[in-house]
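Quick notes on the structure that follows.
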Amino acid sequence: HEADAYRTDLMTITRFVLNEQSKYPESRGDFTILLSNIVLGCKFVCSAVNKGEEQKKLDVLSNDVFVKALVSSGRTSVLVSEEDEEATFVESSKRGKYCVVFDPLDGSSNIDCGVSIGTIFGIYTMNHTDEPTTEDVLKPGNEMVAAGYCMYGSSCMLVLSTGTGVHGFTLDPSLGEFILTHPDIKIPKKGNIYSVNEGNAQNWDGPTTKYVENCKFPTDGSPAKSLRYVGSMVADVHRTLLYGGIFLYPADKKSPNGKLRVLYEVFPMSFLMEQAGGQAFTGKKRALDLVPEKIHERSPIFLGSYDDVEEIKALYAMEE
Ligand code: AHM
Ligand code: MG
């Protein structure tokens, strides 16, 4: 059985990524080293979350751990964290060819009640050897070479794509290793769940309002969708990836660009959705084609099952 095979032939995340990278003759293991430092950060946060640290402490701790692990990897040049107003430029002796954008602890308002939270990350490569600048990360999401998230929930799970599909690894606490448990995740083509903060409905635009109305009162004979909203992006996107459906954080009158951040929330999740066969749309275009002008820029986002995102795209197209 497949399940038994996994149990004895332990495909750790490091082994998996080494295998993938060996397809590129020029690969020297730099990506594997970078990733193992991200994995270390995820293990640290997982253990801190399980110990029940307070929100304030955990936010700061998680950020410190990721920044230090990434700098010391010797493989990064620019870091952008949701927790730091400015980008971090790595000193020349420790520089490497990667730039990492991340939200060390997303959904942290959920910590004190024990709801799932997560880390989100995206990785770019530097395409020059001059001094690094923020221009090195102000690039469209379609230029990312890898993206992923780690969810700290009932189990700790790391979901990763290096551009060859989406793969899920579960932390085995007794081994301290992430083991491949969900190879080649594909999102169902159509789902029956929608996920949105409906408390903002009075401020939505026409297409979003119409879309959510259709979810509840379909006019084409299909059954109404179920609503699921954790309010923790990693948990909401993870469910969407596995069960199908749509997650939306739309624009509204109060927040014309929505809430979520382009570089380290919208891009990594959109990258994963596309790699899993779904779509990600901003209300105007493909999310991965956005070109951010500021490191903490926001964008509305609609992502999930291919057919469900098609529907919202059609509603926005009618507006134009
Ligand atoms: P945070 O970075 O301050 O934690 O906010 C991001 C979170 C996401 O995880 C989640 O999708 C969203 O905020 C929920 O926002 P809201 O409470 O407005 O529904
Ligand atoms: Mg966040």
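By convention in this document, the chains of the structure tokens carry letters A, B, ... by their order, each chain's residues are numbered from 1, and ligands are numbered from 1 in the order they are shown.
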Name each residue within 7 Å of ligand 1, counting only C-alpha atoms and all ligand atoms, as a PDB file with C-alpha atoms, in the first residue's frame.
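Output saved as pocket_34.pdb:
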```pdb
ATOM      1  CA  ASP A 106      -0.136  35.185   9.987  1.00  0.00           C
ATOM      2  CA  GLY A 107      -3.506  35.278  11.706  1.00  0.00           C
ATOM      3  CA  SER A 108      -1.849  36.063  15.020  1.00  0.00           C
ATOM      4  CA  SER A 109      -5.040  37.572  16.467  1.00  0.00           C
ATOM      5  CA  ASN A 197     -15.607  37.979   6.034  1.00  0.00           C
ATOM      6  CA  GLY A 231     -10.173  34.402   9.694  1.00  0.00           C
ATOM      7  CA  SER A 232      -6.694  32.927   9.460  1.00  0.00           C
ATOM      8  CA  MET A 233      -5.527  32.985   5.859  1.00  0.00           C
ATOM      9  CA  VAL A 234      -3.373  29.875   6.055  1.00  0.00           C
ATOM     10  CA  LYS A 259      -6.533  43.798   3.463  1.00  0.00           C
ATOM     11  CA  LEU A 260      -4.067  41.162   2.383  1.00  0.00           C
TER      12      LEU A 260
END
```
Contacts of Gln275 (chain A) within 10 Å, only C-alpha atoms, excl. fewer than 5 positions in-chain, as a ChimeraX atom specification = /A:160-167,184-187,269-270
Convert the current residue selection to file output with N, CA and C atoms, as a tab-separated table (two decimals), in the first residue's frame.
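Contents of result.tsv, freshly written:
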```
chain	number	residue	atom	x	y	z
A	160	LEU	N	4.33	23.19	0.02
A	160	LEU	CA	5.40	23.82	-0.75
A	160	LEU	C	5.22	23.60	-2.24
A	161	SER	N	5.58	24.62	-3.01
A	161	SER	CA	5.72	24.42	-4.46
A	161	SER	C	7.00	25.07	-4.93
A	162	THR	N	7.77	24.33	-5.73
A	162	THR	CA	8.95	24.93	-6.37
A	162	THR	C	8.67	25.05	-7.87
A	163	GLY	N	7.37	25.07	-8.21
A	163	GLY	CA	6.99	25.23	-9.60
A	163	GLY	C	6.72	23.90	-10.30
A	164	THR	N	6.75	22.81	-9.54
A	164	THR	CA	6.42	21.50	-10.12
A	164	THR	C	5.34	20.85	-9.27
A	165	GLY	N	4.20	21.53	-9.18
A	165	GLY	CA	3.10	21.00	-8.38
A	165	GLY	C	3.21	21.42	-6.93
A	166	VAL	N	2.22	21.00	-6.15
A	166	VAL	CA	2.14	21.39	-4.74
A	166	VAL	C	2.23	20.12	-3.89
A	167	HIS	N	3.08	20.17	-2.87
A	167	HIS	CA	3.32	18.98	-2.06
A	167	HIS	C	3.20	19.32	-0.58
A	184	ASP	N	1.62	15.94	-4.63
A	184	ASP	CA	0.91	16.46	-5.80
A	184	ASP	C	-0.56	16.80	-5.53
A	185	ILE	N	-0.75	17.77	-4.66
A	185	ILE	CA	-2.11	18.21	-4.31
A	185	ILE	C	-2.75	18.92	-5.51
A	186	LYS	N	-3.96	18.50	-5.86
A	186	LYS	CA	-4.72	19.20	-6.91
A	186	LYS	C	-6.02	19.69	-6.29
A	187	ILE	N	-6.36	20.94	-6.52
A	187	ILE	CA	-7.61	21.48	-5.98
A	187	ILE	C	-8.77	21.00	-6.86
A	269	MET	N	0.19	32.45	-1.95
A	269	MET	CA	-1.02	31.63	-2.00
A	269	MET	C	-1.51	31.50	-3.45
A	270	SER	N	-1.34	32.55	-4.26
A	270	SER	CA	-1.76	32.48	-5.66
A	270	SER	C	-0.87	31.51	-6.43
```
Pick from A:Gly277, A:Gly258, A:Gly118, A:Pro173, whichever lies nearest to ligand 2 using only C-alpha atoms and all ligand atoms =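 Nearest to ligand 2: A:Gly118.
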Best match for closeness to Gly148 (chain A) among A:Arg95, A:Lys284, A:His128, A:His238, counting only C-alpha atoms = A:His238
Run DSSP on the backbone and give me the residues of region 203-272 of chain A it puts in helix (DSSP H, G or I), as a ChimeraX atom specification.
-> /A:203,206-216,233-243,262-272
Dump N, CA and C atoms for the selected residues as an mmCIF file, in the first residue's frame?
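Written out: part34.cif:
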```
data_model
loop_
_atom_site.group_PDB
_atom_site.id
_atom_site.type_symbol
_atom_site.label_atom_id
_atom_site.label_comp_id
_atom_site.auth_asym_id
_atom_site.auth_seq_id
_atom_site.Cartn_x
_atom_site.Cartn_y
_atom_site.Cartn_z
ATOM 1 N N ASN A 203 -20.053 47.185 2.582
ATOM 2 C CA ASN A 203 -19.102 48.032 1.845
ATOM 3 C C ASN A 203 -18.575 47.423 0.550
ATOM 4 N N GLY A 206 -20.222 45.849 -6.511
ATOM 5 C CA GLY A 206 -21.292 45.077 -7.170
ATOM 6 C C GLY A 206 -20.930 43.612 -7.436
ATOM 7 N N PRO A 207 -19.813 43.350 -8.134
ATOM 8 C CA PRO A 207 -19.501 41.954 -8.482
ATOM 9 C C PRO A 207 -19.306 41.044 -7.261
ATOM 10 N N THR A 208 -18.646 41.536 -6.213
ATOM 11 C CA THR A 208 -18.466 40.705 -5.018
ATOM 12 C C THR A 208 -19.818 40.420 -4.377
ATOM 13 N N THR A 209 -20.653 41.462 -4.273
ATOM 14 C CA THR A 209 -21.982 41.299 -3.683
ATOM 15 C C THR A 209 -22.789 40.260 -4.460
ATOM 16 N N LYS A 210 -22.744 40.384 -5.792
ATOM 17 C CA LYS A 210 -23.504 39.480 -6.657
ATOM 18 C C LYS A 210 -22.988 38.051 -6.504
ATOM 19 N N TYR A 211 -21.654 37.910 -6.447
ATOM 20 C CA TYR A 211 -21.062 36.581 -6.341
ATOM 21 C C TYR A 211 -21.532 35.878 -5.058
ATOM 22 N N VAL A 212 -21.447 36.594 -3.932
ATOM 23 C CA VAL A 212 -21.804 35.973 -2.652
ATOM 24 C C VAL A 212 -23.312 35.690 -2.597
ATOM 25 N N GLU A 213 -24.091 36.571 -3.208
ATOM 26 C CA GLU A 213 -25.539 36.341 -3.320
ATOM 27 C C GLU A 213 -25.800 35.022 -4.069
ATOM 28 N N ASN A 214 -25.058 34.823 -5.178
ATOM 29 C CA ASN A 214 -25.200 33.582 -5.955
ATOM 30 C C ASN A 214 -24.793 32.347 -5.168
ATOM 31 N N CYS A 215 -23.801 32.517 -4.274
ATOM 32 C CA CYS A 215 -23.379 31.375 -3.447
ATOM 33 C C CYS A 215 -24.528 30.919 -2.565
ATOM 34 N N LYS A 216 -25.301 31.892 -2.063
ATOM 35 C CA LYS A 216 -26.366 31.588 -1.106
ATOM 36 C C LYS A 216 -27.695 31.272 -1.772
ATOM 37 N N MET A 233 -5.652 33.261 7.289
ATOM 38 C CA MET A 233 -5.527 32.985 5.859
ATOM 39 C C MET A 233 -4.978 31.590 5.565
ATOM 40 N N VAL A 234 -3.978 31.179 6.328
ATOM 41 C CA VAL A 234 -3.373 29.875 6.055
ATOM 42 C C VAL A 234 -4.419 28.765 6.214
ATOM 43 N N ALA A 235 -5.209 28.833 7.267
ATOM 44 C CA ALA A 235 -6.220 27.803 7.495
ATOM 45 C C ALA A 235 -7.300 27.862 6.407
ATOM 46 N N ASP A 236 -7.736 29.065 6.063
ATOM 47 C CA ASP A 236 -8.788 29.185 5.047
ATOM 48 C C ASP A 236 -8.289 28.745 3.667
ATOM 49 N N VAL A 237 -7.045 29.077 3.348
ATOM 50 C CA VAL A 237 -6.513 28.669 2.042
ATOM 51 C C VAL A 237 -6.222 27.162 2.029
ATOM 52 N N HIS A 238 -5.736 26.646 3.140
ATOM 53 C CA HIS A 238 -5.441 25.209 3.208
ATOM 54 C C HIS A 238 -6.713 24.387 2.976
ATOM 55 N N ARG A 239 -7.782 24.770 3.643
ATOM 56 C CA ARG A 239 -9.056 24.064 3.433
ATOM 57 C C ARG A 239 -9.495 24.194 1.975
ATOM 58 N N THR A 240 -9.357 25.393 1.425
ATOM 59 C CA THR A 240 -9.769 25.617 0.040
ATOM 60 C C THR A 240 -8.968 24.714 -0.910
ATOM 61 N N LEU A 241 -7.672 24.612 -0.659
ATOM 62 C CA LEU A 241 -6.798 23.781 -1.492
ATOM 63 C C LEU A 241 -7.230 22.310 -1.441
ATOM 64 N N LEU A 242 -7.545 21.828 -0.257
ATOM 65 C CA LEU A 242 -7.856 20.399 -0.107
ATOM 66 C C LEU A 242 -9.303 20.070 -0.482
ATOM 67 N N TYR A 243 -10.247 20.940 -0.124
ATOM 68 C CA TYR A 243 -11.666 20.625 -0.344
ATOM 69 C C TYR A 243 -12.246 21.315 -1.579
ATOM 70 N N VAL A 262 0.349 41.942 -0.851
ATOM 71 C CA VAL A 262 0.694 41.318 -2.130
ATOM 72 C C VAL A 262 1.888 40.367 -2.009
ATOM 73 N N LEU A 263 2.996 40.870 -1.465
ATOM 74 C CA LEU A 263 4.243 40.093 -1.551
ATOM 75 C C LEU A 263 4.220 38.801 -0.766
ATOM 76 N N TYR A 264 3.738 38.865 0.486
ATOM 77 C CA TYR A 264 3.902 37.672 1.326
ATOM 78 C C TYR A 264 2.580 37.025 1.727
ATOM 79 N N GLU A 265 1.463 37.469 1.167
ATOM 80 C CA GLU A 265 0.197 36.759 1.392
ATOM 81 C C GLU A 265 -0.425 36.375 0.042
ATOM 82 N N VAL A 266 -0.702 37.401 -0.776
ATOM 83 C CA VAL A 266 -1.390 37.160 -2.051
ATOM 84 C C VAL A 266 -0.527 36.329 -3.019
ATOM 85 N N PHE A 267 0.732 36.702 -3.205
ATOM 86 C CA PHE A 267 1.578 35.997 -4.186
ATOM 87 C C PHE A 267 1.830 34.529 -3.825
ATOM 88 N N PRO A 268 2.310 34.241 -2.613
ATOM 89 C CA PRO A 268 2.583 32.828 -2.338
ATOM 90 C C PRO A 268 1.331 31.956 -2.462
ATOM 91 N N MET A 269 0.194 32.448 -1.949
ATOM 92 C CA MET A 269 -1.019 31.634 -2.003
ATOM 93 C C MET A 269 -1.513 31.496 -3.451
ATOM 94 N N SER A 270 -1.337 32.546 -4.256
ATOM 95 C CA SER A 270 -1.756 32.484 -5.660
ATOM 96 C C SER A 270 -0.868 31.513 -6.430
ATOM 97 N N PHE A 271 0.422 31.542 -6.139
ATOM 98 C CA PHE A 271 1.385 30.624 -6.761
ATOM 99 C C PHE A 271 0.967 29.170 -6.475
ATOM 100 N N LEU A 272 0.643 28.889 -5.210
ATOM 101 C CA LEU A 272 0.243 27.533 -4.826
ATOM 102 C C LEU A 272 -1.059 27.134 -5.523
#
```
Nearest to Thr125 (chain A), restricted to only C-alpha atoms and choosing among A:Lys94, A:Arg261, A:Lys56, A:Arg75, comes out as A:Arg75
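Reported to one decimal place, the separation of CA of Val309 (chain A) from CA of Gly283 (chain A) is 10.1 Å.
Minimum atom-to-atom distance to ligand 2, evaluated using only C-alpha atoms and all ligand atoms, belongs to A:Tyr149 out of A:Phe217, A:Phe281, A:Tyr149, A:Phe44.
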DSSP-assigned strand (DSSP E) among region 2-244 of chain A, expressed as a count of residues only | 59
Could you please determine the separation between CA of Leu180 (chain A) and CA of Asn142 (chain A) in Å, to one decimal place?
-> 25.3 Å
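Here CA of Lys68 (chain A) stands at a distance of 25.4 Å from CA of Asp112 (chain A).
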Would you mind telling me which residue in A:Pro250, A:Gly221, A:Pro256, A:Gly114 lies nearest to Tyr316 (chain A) when using only C-alpha atoms?
->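 For Tyr316 (chain A), the nearest of the given residues is A:Pro250.
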Give me the residues near Gly176 (chain A) as a PDB file with C-alpha atoms, in the first residue's frame, where near means some atom within 8 Å (using only C-alpha atoms) and where sequence neighbours in that chain fewer than 4 positions away do not count.
```
ATOM      1  CA  LYS A  43       9.691  23.941  13.647  1.00  0.00           C
ATOM      2  CA  LEU A 171       5.772  17.315  10.924  1.00  0.00           C
ATOM      3  CA  ASP A 172       6.428  14.073  12.763  1.00  0.00           C
TER       4      ASP A 172
END
```
Considering only C-alpha atoms, return as a list in words whatever protein or nucleic-acid residues lie within 10 Å of Leu18 (chain A), sequence-local ones (same chain, fewer than 6 positions apart) excluded.
-> Thr12, Ser27, Arg28, Gly29, Phe31, Thr32 and Ile33 of chain A
